[in-house]
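J.: File follows, run-v1.txt with compact mmCIF, C-alpha atoms:
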# COMPACT_ATOMS: atom_id res chain seq x y z
CA MET A 1 -18.13 -21.08 -13.23
CA ILE A 2 -14.58 -21.51 -12.01
CA GLU A 3 -13.95 -21.66 -8.29
CA PHE A 4 -10.52 -20.48 -7.16
CA ARG A 5 -8.49 -22.15 -4.48
CA ILE A 6 -5.82 -20.12 -2.68
CA ASP A 7 -2.80 -21.76 -1.09
CA ARG A 8 -1.37 -19.17 1.29
CA ARG A 9 1.66 -21.33 2.07
CA SER A 10 2.72 -22.03 -1.51
CA GLY A 11 4.98 -19.00 -1.83
CA VAL A 12 3.41 -18.29 -5.26
CA ALA A 13 1.95 -14.77 -5.49
CA THR A 14 -1.81 -14.90 -5.00
CA TYR A 15 -2.62 -13.17 -8.31
CA LEU A 16 -0.44 -15.70 -10.14
CA GLN A 17 -2.34 -18.55 -8.51
CA LEU A 18 -5.54 -17.06 -9.97
CA VAL A 19 -3.91 -16.66 -13.40
CA HIS A 20 -2.58 -20.24 -13.37
CA GLN A 21 -5.88 -21.73 -12.25
CA THR A 22 -7.78 -19.82 -14.94
CA LYS A 23 -5.36 -20.96 -17.64
CA HIS A 24 -5.53 -24.49 -16.33
CA ALA A 25 -9.32 -24.41 -16.66
CA LEU A 26 -8.99 -22.91 -20.16
CA ARG A 27 -6.59 -25.68 -21.19
CA LEU A 28 -8.87 -28.42 -19.96
CA GLY A 29 -11.90 -26.81 -21.57
CA LEU A 30 -13.59 -26.26 -18.19
CA LEU A 31 -13.81 -22.59 -19.17
CA GLN A 32 -14.90 -21.74 -22.67
CA PRO A 33 -15.31 -18.56 -24.73
CA GLY A 34 -18.29 -16.58 -23.47
CA ASP A 35 -18.10 -17.94 -19.91
CA ARG A 36 -18.11 -15.32 -17.17
CA LEU A 37 -15.40 -15.28 -14.53
CA PRO A 38 -16.57 -14.66 -10.97
CA THR A 39 -16.62 -10.99 -9.94
CA ALA A 40 -13.97 -9.71 -7.54
CA LYS A 41 -16.62 -9.59 -4.84
CA GLU A 42 -17.65 -13.20 -5.47
CA VAL A 43 -14.02 -14.33 -5.29
CA VAL A 44 -13.16 -12.47 -2.09
CA ALA A 45 -16.39 -13.49 -0.42
CA ALA A 46 -15.27 -17.08 -0.92
CA THR A 47 -11.52 -16.80 -0.34
CA ALA A 48 -10.96 -13.71 1.88
CA ILE A 49 -8.20 -12.42 -0.40
CA ASN A 50 -7.70 -8.80 -1.39
CA PRO A 51 -10.02 -7.79 -4.28
CA ASN A 52 -7.18 -5.77 -5.82
CA THR A 53 -5.41 -9.11 -6.29
CA VAL A 54 -8.36 -10.50 -8.26
CA LEU A 55 -8.46 -7.40 -10.45
CA LYS A 56 -4.71 -7.67 -11.03
CA ALA A 57 -5.06 -11.30 -12.12
CA TYR A 58 -7.91 -10.37 -14.49
CA ARG A 59 -5.85 -7.52 -15.96
CA GLU A 60 -3.02 -9.97 -16.60
CA LEU A 61 -5.40 -12.40 -18.33
CA GLU A 62 -6.82 -9.51 -20.34
CA ARG A 63 -3.31 -8.43 -21.37
CA GLU A 64 -2.74 -11.93 -22.72
CA GLY A 65 -5.98 -11.67 -24.69
CA LEU A 66 -7.67 -14.50 -22.83
CA VAL A 67 -10.50 -12.55 -21.22
CA GLU A 68 -12.25 -9.23 -21.73
CA PRO A 69 -14.13 -7.01 -19.32
CA ARG A 70 -17.63 -5.97 -20.37
CA PRO A 71 -18.57 -2.89 -18.35
CA GLY A 72 -21.43 -3.55 -15.98
CA LEU A 73 -21.58 -7.23 -16.89
CA GLY A 74 -18.31 -8.76 -15.72
CA THR A 75 -15.21 -10.38 -17.17
CA PHE A 76 -15.70 -12.94 -19.94
CA VAL A 77 -13.54 -15.58 -21.56
CA ARG A 78 -12.47 -14.53 -25.07
CA ARG A 79 -10.31 -17.38 -26.16
CA SER A 80 -9.82 -20.96 -25.12
CA LEU A 81 -6.44 -22.58 -24.52
CA ALA A 82 -7.85 -26.02 -25.08
CA SER A 83 -6.40 -27.80 -28.06
CA ALA A 84 -7.71 -31.05 -29.46
CA GLY A 85 -4.98 -32.83 -27.52
CA THR A 86 -5.97 -31.62 -24.07
CA GLN A 87 -9.71 -32.29 -24.29
CA ALA A 88 -11.17 -34.79 -21.87
CA ASP A 89 -12.15 -37.06 -24.78
CA GLY A 90 -9.05 -36.39 -26.92
CA PRO A 91 -6.99 -39.28 -28.33
CA LEU A 92 -3.72 -38.10 -26.65
CA ARG A 93 -5.41 -38.23 -23.29
CA GLY A 94 -6.55 -41.74 -24.04
CA ASP A 95 -2.96 -42.76 -24.92
CA LEU A 96 -1.67 -41.26 -21.69
CA ASP A 97 -4.39 -43.00 -19.73
CA GLY A 98 -3.34 -46.32 -21.24
CA TRP A 99 0.34 -45.65 -20.52
CA LEU A 100 -0.43 -44.80 -16.89
CA GLN A 101 -2.41 -48.02 -16.48
CA ALA A 102 0.66 -49.89 -17.73
CA ALA A 103 2.88 -47.96 -15.30
CA LYS A 104 0.59 -48.82 -12.43
CA ALA A 105 0.46 -52.45 -13.46
CA ALA A 106 4.28 -52.44 -13.49
CA GLY A 107 4.18 -51.38 -9.84
CA LEU A 108 5.30 -47.74 -10.17
CA GLU A 109 4.37 -45.36 -7.35
CA ARG A 110 2.96 -41.89 -8.01
CA GLU A 111 6.37 -40.32 -7.27
CA ASP A 112 8.07 -42.72 -9.70
CA VAL A 113 5.61 -41.80 -12.44
CA GLU A 114 6.03 -38.09 -11.78
CA ALA A 115 9.84 -38.34 -11.85
CA LEU A 116 9.81 -40.46 -15.01
CA PHE A 117 7.29 -38.23 -16.75
CA LYS A 118 9.19 -35.06 -15.85
CA SER A 119 12.51 -36.44 -17.01
CA VAL A 120 11.07 -37.44 -20.41
CA LEU A 121 9.17 -34.14 -20.59
CA ASP A 122 12.42 -32.24 -20.04
CA THR A 123 14.12 -34.04 -22.95
CA HIS A 124 11.35 -32.90 -25.32
CA TYR A 125 10.58 -29.37 -24.14
CA MET B 1 1.45 17.96 3.92
CA GLY B 2 2.36 15.83 0.89
CA THR B 3 2.11 17.14 -2.63
CA ASP B 4 -0.53 14.62 -3.74
CA THR B 5 -2.69 14.17 -0.67
CA GLY B 6 -5.50 13.36 -3.11
CA HIS B 7 -4.12 9.83 -3.44
CA VAL B 8 -3.19 9.31 0.18
CA ALA B 9 -5.53 7.90 2.82
CA LEU B 10 -3.17 8.21 5.76
CA ALA B 11 0.12 10.05 6.00
CA ALA B 12 2.51 10.49 8.92
CA ARG B 13 5.50 12.81 8.97
CA ASP B 14 8.05 12.63 11.79
CA LEU B 15 5.14 11.56 13.95
CA GLY B 16 5.91 10.95 17.61
CA LYS B 17 4.00 10.35 20.82
CA ARG B 18 5.54 10.47 24.28
CA TYR B 19 3.85 9.12 27.38
CA ARG B 20 5.19 9.63 30.88
CA ARG B 21 7.20 6.41 30.63
CA GLY B 22 8.83 7.35 27.35
CA TRP B 23 8.31 7.47 23.60
CA ALA B 24 5.65 5.09 22.30
CA LEU B 25 6.16 6.23 18.72
CA ARG B 26 8.97 8.27 17.18
CA ASN B 27 10.18 9.53 13.77
CA CYS B 28 7.28 7.81 12.12
CA THR B 29 7.00 8.69 8.42
CA PHE B 30 4.93 6.82 5.84
CA GLU B 31 2.09 7.19 3.36
CA LEU B 32 -0.79 4.78 2.86
CA PRO B 33 -2.23 5.25 -0.65
CA LEU B 34 -6.01 5.24 -1.19
CA GLY B 35 -7.67 1.93 -2.01
CA ARG B 36 -5.05 -0.24 -0.35
CA VAL B 37 -5.50 -2.93 2.25
CA SER B 38 -2.58 -2.44 4.59
CA ALA B 39 -1.30 -4.56 7.41
CA LEU B 40 0.04 -2.77 10.44
CA VAL B 41 2.41 -5.29 11.92
CA GLY B 42 4.58 -5.30 15.00
CA PRO B 43 5.14 -6.93 18.38
CA ASN B 44 3.17 -5.95 21.47
CA GLY B 45 4.14 -2.45 22.54
CA ALA B 46 5.43 -1.53 19.08
CA GLY B 47 3.12 1.50 18.91
CA LYS B 48 0.34 0.07 16.70
CA SER B 49 -2.54 1.14 18.94
CA THR B 50 -0.88 4.51 19.59
CA LEU B 51 -0.63 5.10 15.85
CA MET B 52 -4.32 4.27 15.43
CA ALA B 53 -5.31 6.50 18.34
CA LEU B 54 -3.33 9.38 16.81
CA SER B 55 -5.04 8.78 13.45
CA THR B 56 -8.52 8.88 14.96
CA GLY B 57 -7.77 12.01 17.01
CA LEU B 58 -8.18 10.18 20.32
CA LEU B 59 -4.57 11.20 21.04
CA ARG B 60 -2.60 14.25 19.96
CA PRO B 61 0.94 13.91 18.61
CA SER B 62 3.85 15.05 20.78
CA GLU B 63 5.76 15.91 17.62
CA GLY B 64 5.30 15.72 13.86
CA ALA B 65 1.93 15.34 12.16
CA VAL B 66 -0.58 12.84 10.86
CA GLU B 67 -3.18 13.42 8.16
CA VAL B 68 -6.28 11.33 7.49
CA LEU B 69 -7.80 11.78 4.03
CA GLY B 70 -6.18 15.21 3.85
CA ASN B 71 -7.35 16.41 7.27
CA THR B 72 -5.66 16.67 10.64
CA PRO B 73 -7.56 14.41 13.06
CA GLY B 74 -8.93 15.68 16.35
CA THR B 75 -10.10 19.04 15.10
CA GLY B 76 -13.83 18.38 15.40
CA GLY B 77 -14.31 14.75 16.31
CA THR B 78 -13.23 11.70 14.34
CA ASP B 79 -13.30 12.37 10.62
CA SER B 80 -16.69 11.34 9.24
CA LYS B 81 -14.96 9.44 6.42
CA LEU B 82 -12.98 7.37 8.92
CA ALA B 83 -14.24 4.42 10.94
CA PHE B 84 -12.23 2.79 13.69
CA LEU B 85 -12.89 -0.51 15.40
CA ALA B 86 -10.99 -0.86 18.67
CA GLN B 87 -9.54 -4.16 19.74
CA ASP B 88 -12.08 -4.70 22.55
CA LYS B 89 -14.96 -4.21 20.03
CA PRO B 90 -16.92 -1.93 22.36
CA LEU B 91 -20.63 -2.73 22.27
CA TYR B 92 -23.32 -2.32 24.92
CA ARG B 93 -23.74 -5.84 26.21
CA ARG B 94 -27.31 -5.29 27.43
CA PHE B 95 -28.51 -3.86 24.10
CA THR B 96 -30.05 -5.99 21.42
CA VAL B 97 -28.37 -5.94 18.01
CA ASP B 98 -31.24 -3.78 16.71
CA GLU B 99 -30.82 -1.31 19.59
CA MET B 100 -27.09 -1.21 18.90
CA LEU B 101 -27.74 -0.28 15.27
CA HIS B 102 -30.19 2.43 16.38
CA ALA B 103 -27.48 3.78 18.67
CA GLY B 104 -25.20 3.83 15.63
CA ARG B 105 -27.82 5.83 13.75
CA ALA B 106 -28.28 8.30 16.62
CA LEU B 107 -24.56 8.79 17.23
CA ASN B 108 -23.33 9.19 13.66
CA PRO B 109 -24.21 12.16 11.43
CA ARG B 110 -23.37 10.07 8.36
CA TRP B 111 -25.11 6.71 8.68
CA ASP B 112 -26.48 4.13 6.25
CA HIS B 113 -29.01 2.20 8.29
CA ALA B 114 -30.13 -0.18 5.55
CA TYR B 115 -26.53 -1.08 4.84
CA ALA B 116 -25.67 -1.74 8.48
CA HIS B 117 -28.81 -3.90 8.74
CA ARG B 118 -27.88 -5.90 5.68
CA LEU B 119 -24.37 -6.56 7.05
CA VAL B 120 -25.85 -7.92 10.28
CA GLN B 121 -28.27 -10.04 8.25
CA ASP B 122 -25.44 -11.35 6.03
CA ALA B 123 -23.66 -12.39 9.21
CA GLY B 124 -26.67 -14.49 10.19
CA VAL B 125 -27.11 -12.59 13.45
CA ASN B 126 -30.61 -12.31 14.89
CA PRO B 127 -31.37 -8.57 15.26
CA ALA B 128 -33.44 -9.28 18.39
CA ALA B 129 -30.58 -11.05 20.19
CA ARG B 130 -28.78 -9.37 23.06
CA ILE B 131 -25.13 -8.52 22.46
CA SER B 132 -24.16 -10.48 25.57
CA THR B 133 -25.54 -13.70 24.06
CA LEU B 134 -23.53 -13.47 20.81
CA SER B 135 -20.39 -15.45 20.00
CA GLY B 136 -17.07 -13.65 19.55
CA GLY B 137 -17.34 -13.92 15.78
CA GLN B 138 -20.92 -12.57 15.75
CA ARG B 139 -19.94 -9.70 18.04
CA THR B 140 -17.13 -8.80 15.66
CA ARG B 141 -19.55 -8.83 12.72
CA VAL B 142 -21.97 -6.51 14.59
CA ALA B 143 -19.10 -4.17 15.55
CA LEU B 144 -17.97 -4.25 11.93
CA ALA B 145 -21.49 -3.39 10.74
CA LEU B 146 -21.47 -0.40 13.12
CA ALA B 147 -18.11 0.77 11.75
CA LEU B 148 -19.17 0.26 8.11
CA GLY B 149 -22.56 1.94 8.69
CA ARG B 150 -20.57 5.18 8.71
CA ARG B 151 -19.75 4.44 5.05
CA PRO B 152 -16.06 5.15 5.69
CA GLN B 153 -13.41 5.76 3.06
CA LEU B 154 -10.80 4.57 5.53
CA LEU B 155 -11.50 1.67 7.88
CA MET B 156 -9.06 1.05 10.71
CA LEU B 157 -9.27 -2.25 12.57
CA ASP B 158 -7.15 -2.89 15.66
CA GLU B 159 -6.48 -6.64 15.97
CA PRO B 160 -9.88 -7.55 14.48
CA LEU B 161 -9.13 -11.28 14.46
CA ALA B 162 -7.76 -11.68 17.97
CA ASP B 163 -9.83 -14.09 20.10
CA LEU B 164 -11.66 -15.52 17.08
CA ASP B 165 -11.71 -19.16 16.07
CA PRO B 166 -10.33 -20.04 12.59
CA LEU B 167 -13.76 -20.18 10.95
CA ALA B 168 -14.78 -16.79 12.39
CA ARG B 169 -11.44 -15.27 11.32
CA GLU B 170 -12.05 -16.42 7.77
CA GLU B 171 -15.65 -15.13 7.79
CA VAL B 172 -14.68 -11.72 9.18
CA MET B 173 -11.95 -11.29 6.57
CA GLN B 174 -14.34 -12.43 3.82
CA ALA B 175 -16.84 -9.80 4.99
CA VAL B 176 -14.23 -7.03 5.09
CA MET B 177 -12.78 -7.95 1.70
CA ALA B 178 -16.24 -8.16 0.09
CA GLU B 179 -16.91 -4.59 1.25
CA VAL B 180 -13.51 -3.49 -0.12
CA ALA B 181 -14.50 -5.00 -3.48
CA GLU B 182 -17.84 -3.17 -3.35
CA THR B 183 -16.72 0.25 -2.11
CA GLY B 184 -12.99 0.53 -2.84
CA MET B 185 -12.37 1.78 0.68
CA THR B 186 -8.90 1.83 2.22
CA VAL B 187 -8.27 -0.55 5.11
CA LEU B 188 -5.57 -0.46 7.77
CA LEU B 189 -5.62 -3.50 10.02
CA SER B 190 -3.22 -4.36 12.77
CA SER B 191 -2.32 -7.90 13.64
CA HIS B 192 0.50 -9.87 15.07
CA VAL B 193 -0.57 -13.00 13.22
CA LEU B 194 1.24 -12.60 9.92
CA ALA B 195 -0.21 -15.72 8.37
CA ASP B 196 -3.63 -14.01 8.43
CA MET B 197 -2.26 -11.19 6.30
CA GLU B 198 -0.80 -13.20 3.41
CA GLY B 199 -2.91 -12.69 0.30
CA VAL B 200 -5.08 -10.16 2.11
CA CYS B 201 -2.80 -7.13 2.31
CA ASP B 202 -1.19 -5.38 -0.63
CA HIS B 203 0.58 -2.88 1.61
CA LEU B 204 2.63 -3.23 4.77
CA ILE B 205 3.65 -0.96 7.61
CA LEU B 206 5.99 -2.68 10.05
CA LEU B 207 6.47 -1.06 13.46
CA ALA B 208 8.91 -2.14 16.13
CA GLY B 209 10.06 -0.24 19.17
CA GLY B 210 7.97 2.79 18.18
CA ARG B 211 9.61 3.13 14.77
CA VAL B 212 8.69 2.29 11.19
CA HIS B 213 11.11 -0.35 9.93
CA LEU B 214 9.43 -1.19 6.67
CA ALA B 215 6.64 0.47 4.71
CA GLY B 216 5.39 0.06 1.19
CA ASP B 217 3.69 -2.02 -1.47
CA VAL B 218 3.95 -5.72 -0.56
CA GLU B 219 5.00 -6.86 -4.04
CA ASP B 220 7.67 -4.16 -4.28
CA LEU B 221 8.95 -5.07 -0.84
CA LEU B 222 9.14 -8.77 -1.72
CA ALA B 223 10.84 -8.01 -5.06
CA ASN B 224 13.39 -5.84 -3.24
CA HIS B 225 14.47 -8.65 -0.91
CA ARG B 226 15.98 -12.11 -1.29
CA LEU B 227 16.60 -14.98 1.03
CA LEU B 228 20.08 -16.35 0.43
CA ILE B 229 20.76 -19.86 1.65
CA GLY B 230 24.22 -21.34 1.46
CA PRO B 231 27.05 -23.02 3.34
CA ARG B 232 28.28 -21.18 6.39
CA ARG B 233 31.64 -19.63 5.60
CA ALA B 234 34.43 -19.30 8.13
CA GLU B 235 35.37 -15.88 6.77
CA GLY B 236 31.77 -14.59 7.05
CA HIS B 237 29.22 -14.04 4.29
CA GLY B 238 31.14 -11.09 2.85
CA LEU B 239 28.07 -9.11 1.81
CA PRO B 240 27.85 -5.36 2.51
CA ALA B 241 26.59 -4.94 6.08
CA GLY B 242 23.98 -2.36 5.06
CA ALA B 243 22.33 -4.81 2.66
CA VAL B 244 21.98 -7.69 5.11
CA ILE B 245 18.90 -7.36 7.29
CA GLU B 246 19.39 -10.59 9.14
CA ALA B 247 21.94 -13.41 9.14
CA ARG B 248 21.14 -16.71 10.84
CA ALA B 249 23.44 -19.66 11.01
CA THR B 250 22.45 -23.21 11.84
CA GLY B 251 25.18 -25.81 11.80
CA ARG B 252 26.91 -25.62 8.44
CA GLN B 253 24.21 -23.53 6.81
CA GLU B 254 23.63 -19.79 6.80
CA THR B 255 20.44 -17.94 5.84
CA LEU B 256 20.53 -14.24 4.99
CA LEU B 257 17.80 -11.76 4.24
CA VAL B 258 19.28 -9.23 1.83
CA ARG B 259 17.70 -6.09 0.41
CA ASN B 260 17.96 -3.72 -2.55
CA GLY B 261 19.97 -5.89 -4.91
CA GLY B 262 22.67 -6.62 -2.32
CA TRP B 263 22.65 -10.18 -3.67
CA THR B 264 23.64 -9.39 -7.29
CA ALA B 265 27.41 -9.93 -6.99
CA THR B 266 27.17 -13.10 -4.92
CA THR B 267 27.80 -16.69 -5.90
CA GLY B 268 27.20 -20.00 -4.23
CA TRP B 269 23.89 -19.01 -2.62
CA GLU B 270 20.46 -20.32 -3.35
CA GLN B 271 18.28 -17.24 -3.94
CA LEU B 272 14.61 -17.19 -3.02
CA GLU B 273 12.02 -14.45 -2.94
CA PRO B 274 10.83 -14.32 0.67
CA THR B 275 7.21 -14.71 1.65
CA LEU B 276 5.56 -11.79 3.43
CA GLU B 277 5.85 -13.69 6.70
CA GLU B 278 9.56 -14.45 6.23
CA LEU B 279 10.26 -10.83 5.32
CA ALA B 280 8.37 -9.38 8.27
CA MET B 281 9.78 -11.90 10.74
CA ALA B 282 13.35 -11.13 9.69
CA TYR B 283 12.78 -7.41 10.19
CA LEU B 284 11.05 -7.97 13.53
CA ARG B 285 13.87 -10.21 14.78
CA SER B 286 16.56 -7.80 13.64
CA ALA B 287 14.71 -4.95 15.37
CA SER B 288 14.43 -6.86 18.61
CA PRO B 289 17.22 -5.77 20.99
CA SER B 290 17.46 -9.19 22.60
CA ARG B 291 18.27 -10.87 19.30
CA SER B 292 20.73 -8.61 17.58
CA SER B 293 22.50 -5.28 17.90
CA ARG B 294 21.96 -4.56 14.25
CA SER B 295 19.23 -2.05 13.58
CA PRO B 296 18.52 -1.62 9.89
CA GLU B 297 17.69 1.76 8.42
CA VAL B 298 14.14 2.32 7.34
CA ALA B 299 13.46 0.69 3.98
CA VAL B 300 10.70 2.27 1.94
CA ALA B 301 9.60 0.83 -1.36
Give the structure from this file in C-alpha cells form.

T.:
Amino acid sequence: MIEFRIDRRSGVATYLQLVHQTKHALRLGLLQPGDRLPTAKEVVAATAINPNTVLKAYRELEREGLVEPRPGLGTFVRRSLASAGTQADGPLRGDLDGWLQAAKAAGLEREDVEALFKSVLDTHY
Amino acid sequence: MGTDTGHVALAARDLGKRYRRGWALRNCTFELPLGRVSALVGPNGAGKSTLMALSTGLLRPSEGAVEVLGNTPGTGGTDSKLAFLAQDKPLYRRFTVDEMLHAGRALNPRWDHAYAHRLVQDAGVNPAARISTLSGGQRTRVALALALGRRPQLLMLDEPLADLDPLAREEVMQAVMAEVAETGMTVLLSSHVLADMEGVCDHLILLAGGRVHLAGDVEDLLANHRLLIGPRRAEGHGLPAGAVIEARATGRQETLLVRNGGWTATTGWEQLEPTLEELAMAYLRSASPSRSSRSPEVAVA
C-alpha cells in the first residue's frame, strides 16, 4: 500500500501532494488496479493532516477516473497510469539508465543532468 | 441566529467581552461550519482564550451573542455536545489515570468509558500510573481522552501543543486528526505556532487586538490573496490602498500582500499564492499597532 509523505514547507496544497504522489505511484506501477488506498484515518494517523484533505484528494482522483470508492470497503485503484515505457523493466528505462551512466562517466553533476534533461524535455513537450 | 444553524458549529455575532481594564473582544462576527478543523490564531492577548471561555459558557458576553451547535452557552452548564480542553490541561496530579477516567465518568452525563480507555491505551499510557509521573505529551493524551470521552460534536483545544516536544506535538495532532476522521467532529484549536497548523486546518479565524481580521475556508482565503514581489518603485506601488494588506520593502525590492483580485491590473510583479503562514503573518503584522498604522477591514471568504 502507498505511504504518503507530506512536505508542509513546499507551498503545494496538501491535497495536491496526495494526488501527485498517487499518480506517481500509478505511473511507476507501484499501485495497480484493485489495490486499496489507505483510509483517511490511516493517512491522518501517520501524517497528522486533516482527514478532509485526504477525502478531497480521493474525490479528485475519483473525478479523473483513477480510483473508485467501494462503500464500507475503502477506495480502490481503477486504472493504472503505467505505460510500457515507464515500467521498472521497460526498454525506455533501460535506455535512460545507460544514458545517465554515460553522463556520470562524462563528469556531469546531478544539477547538470537535471538542467540538461529539462532543457531537452522542454523542446519536445 | 443564522438562517442555517444546522450547518454551523460555532457562530458569533457582534460578540464582545469587556473586563475592567477594557475590551478583550469586540465586534466579533464569524461562523465555523460543522465538520471543519479550524485554527484560532492570534498573538498573546488577542482574545483567543476569552472567545473560548464565552463559547463554553464560562464567561457571559458583554454584548452580542455566541451560539454553539445552535444553543446559547451558559444556560445549563457546558453543552453536552461540546468538549473544551484548557491550556493548563487540568488533571488531578495525585490521581492515577484510571481514577481520572472514573472521575470523567462520574462528572459527565454523556460519557463513553470504553472509548476513553481505548484512547489512553492507544497513547501507550499505563492506566495505573499517577498523573504526576506522566510526561507532558502523555498528560495531554490523557486530558484529550477525558475531553473525547464526552463524545463531543465540537472539540475546542486551547494551545494544545504548547510545552510539548516535536514528537509529542506530532502524536497529539495524529490522535486528534484520527478521531476527526472517525467521528467527523468539528475542531477549533488555538495556537500561535502557525507552522503546526499548515495541512491540519481547513478553516481559519484570525484574531488580533480583540477583533476578527480574517475568517473563512483556508483554500478560499489563499486563493483570494497574492504575494507580489517586484522592484521597489520611487513613486510607490500604485495599487489601491484597500487591496494591499501589507507592503514591505527591503533594499530595492518590495513585497506586497494583496487581496480580492487587487493584483489583476498590475504588471512587473512576480505573483505567488501565499502559504497559510505568510498570509496569517502579514495580517498579524498589519494589525499590530507598533508595525503599521494601516488596519485592514475584516476579510471574510

J.: Can you check which parts of chain A lie within 8 Å of chain B? Per residue, the shortest pair of atoms and distance in Å to one decimal, counting all atoms listed in the file, sorted by chain and number, as JSON lines.

T.:
{"residue": "A:Arg8", "atom": "CA", "partner": "B:Glu198", "partner_atom": "CA", "distance": 6.4}
{"residue": "A:Gly11", "atom": "CA", "partner": "B:Thr275", "partner_atom": "CA", "distance": 6.0}
{"residue": "A:Ala13", "atom": "CA", "partner": "B:Gly199", "partner_atom": "CA", "distance": 7.8}
{"residue": "A:Thr14", "atom": "CA", "partner": "B:Gly199", "partner_atom": "CA", "distance": 5.8}
{"residue": "A:Ala40", "atom": "CA", "partner": "B:Ala181", "partner_atom": "CA", "distance": 6.2}
{"residue": "A:Lys41", "atom": "CA", "partner": "B:Ala178", "partner_atom": "CA", "distance": 5.1}
{"residue": "A:Glu42", "atom": "CA", "partner": "B:Ala178", "partner_atom": "CA", "distance": 7.6}
{"residue": "A:Val44", "atom": "CA", "partner": "B:Ala178", "partner_atom": "CA", "distance": 5.7}
{"residue": "A:Ala45", "atom": "CA", "partner": "B:Gln174", "partner_atom": "CA", "distance": 4.8}
{"residue": "A:Ala46", "atom": "CA", "partner": "B:Gln174", "partner_atom": "CA", "distance": 6.7}
{"residue": "A:Thr47", "atom": "CA", "partner": "B:Gln174", "partner_atom": "CA", "distance": 6.7}
{"residue": "A:Ala48", "atom": "CA", "partner": "B:Gln174", "partner_atom": "CA", "distance": 4.1}
{"residue": "A:Ile49", "atom": "CA", "partner": "B:Val200", "partner_atom": "CA", "distance": 4.6}
{"residue": "A:Asn50", "atom": "CA", "partner": "B:Val200", "partner_atom": "CA", "distance": 4.6}
{"residue": "A:Pro51", "atom": "CA", "partner": "B:Ala181", "partner_atom": "CA", "distance": 5.3}
{"residue": "A:Asn52", "atom": "CA", "partner": "B:Ala181", "partner_atom": "CA", "distance": 7.7}
{"residue": "A:Thr53", "atom": "CA", "partner": "B:Gly199", "partner_atom": "CA", "distance": 7.9}

J.: What does the distance from CA of Leu55 (chain A) to CA of Gln17 (chain A) come to in Å, to one decimal?

T.: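 CA of Leu55 (chain A) sits 12.9 Å away from CA of Gln17 (chain A).
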
J.: Set the distance at 12 Å and use all atoms listed in the file: which residues neighbour Asn44 (chain B) once local chain neighbours fewer than 4 positions away are removed? I'd like the list as a list in words.

T.: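 Non-adjacent residues within range: Ala24, Leu40, Lys48, Ser49, Thr50, Glu159, Ser190, Ser191, His192, Val193, Leu207, Ala208, Gly209, Gly210, Leu284 and Ser288 of chain B.
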
J.: Which one is closest to Gln121 (chain B): B:Gln138, B:Leu107, B:Thr72, B:Glu278? Count only C-alpha atoms.

T.: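 The answer is B:Gln138, which sits nearest to Gln121 (chain B).
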
J.: Which neighbours of Ser38 (chain B) fall inside 7 Å, counting all atoms listed in the file, when residues of the same chain fewer than 4 positions from it are skipped, and could you give them as a ChimeraX atom specification?

T.: /B:187-189,201-204

J.: In Å, rounded to a single decimal, give me how far CA of Val41 (chain B) is from CA of Trp23 (chain B).

T.: 18.3 Å

J.: Would you please work out which residue, of B:Ile245, B:Val8, B:Ile229, B:Leu32, is nearest to Gly216 (chain B) when using only C-alpha atoms?

T.: B:Leu32

J.: Take CA of Ile6 (chain A) and CA of Ser83 (chain A) and report the distance between them in Å, one decimal.

T.: 26.5 Å

J.: With all atoms listed in the file counted, which protein, DNA or RNA residues have an atom no more than 9 Å from (29.0, -19.1, 3.6) in the file frame? Please answer as number ranges by chain.

T.: B: 229-238, 252-255, 268-269

J.: Any chance you could work out the axis-aligned box around region 79-84 of chain B, listed atoms only, 3 Å on each side, giving centre and edge lengths in Å to one decimal, as lines of an AutoDock Vina configuration file?

T.:
center_x = -14.5
center_y = 7.6
center_z = 10.1
size_x = 10.5
size_y = 15.6
size_z = 13.3

J.: Calculated over only C-alpha atoms, which of the candidates A:Ala82, A:Leu100, A:Val67, A:Val113 has the smallest distance to Arg36 (chain A)?

T.: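 Checking each of A:Ala82, A:Leu100, A:Val67, A:Val113 against Arg36 (chain A), counting only C-alpha atoms, the winner is A:Val67.
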
J.: Leaving out region 22-30 of chain A and any residue of its chain fewer than 3 positions from it, which residues lie within 9 Å of it when counting all atoms listed in the file, given as a PyMOL selection string?

T.: chain A and resi 1-2+4+17-19+33+37+61+66+77+79-83+86-88

J.: I'd like the contact shell of region 133-135 of chain B - 12 Å cut-off, all atoms listed in the file, skipping same-chain residues fewer than 3 positions apart - returned as number ranges by chain.

T.: B: 91-97, 123-130, 138-143, 163-165, 168

J.: Pick out the closest residue to Trp111 (chain B) from this set: B:Leu221, B:Leu194, B:Ala83, B:Leu239. Count only C-alpha atoms.

T.: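 Smallest separation from Trp111 (chain B) among the options: B:Ala83.
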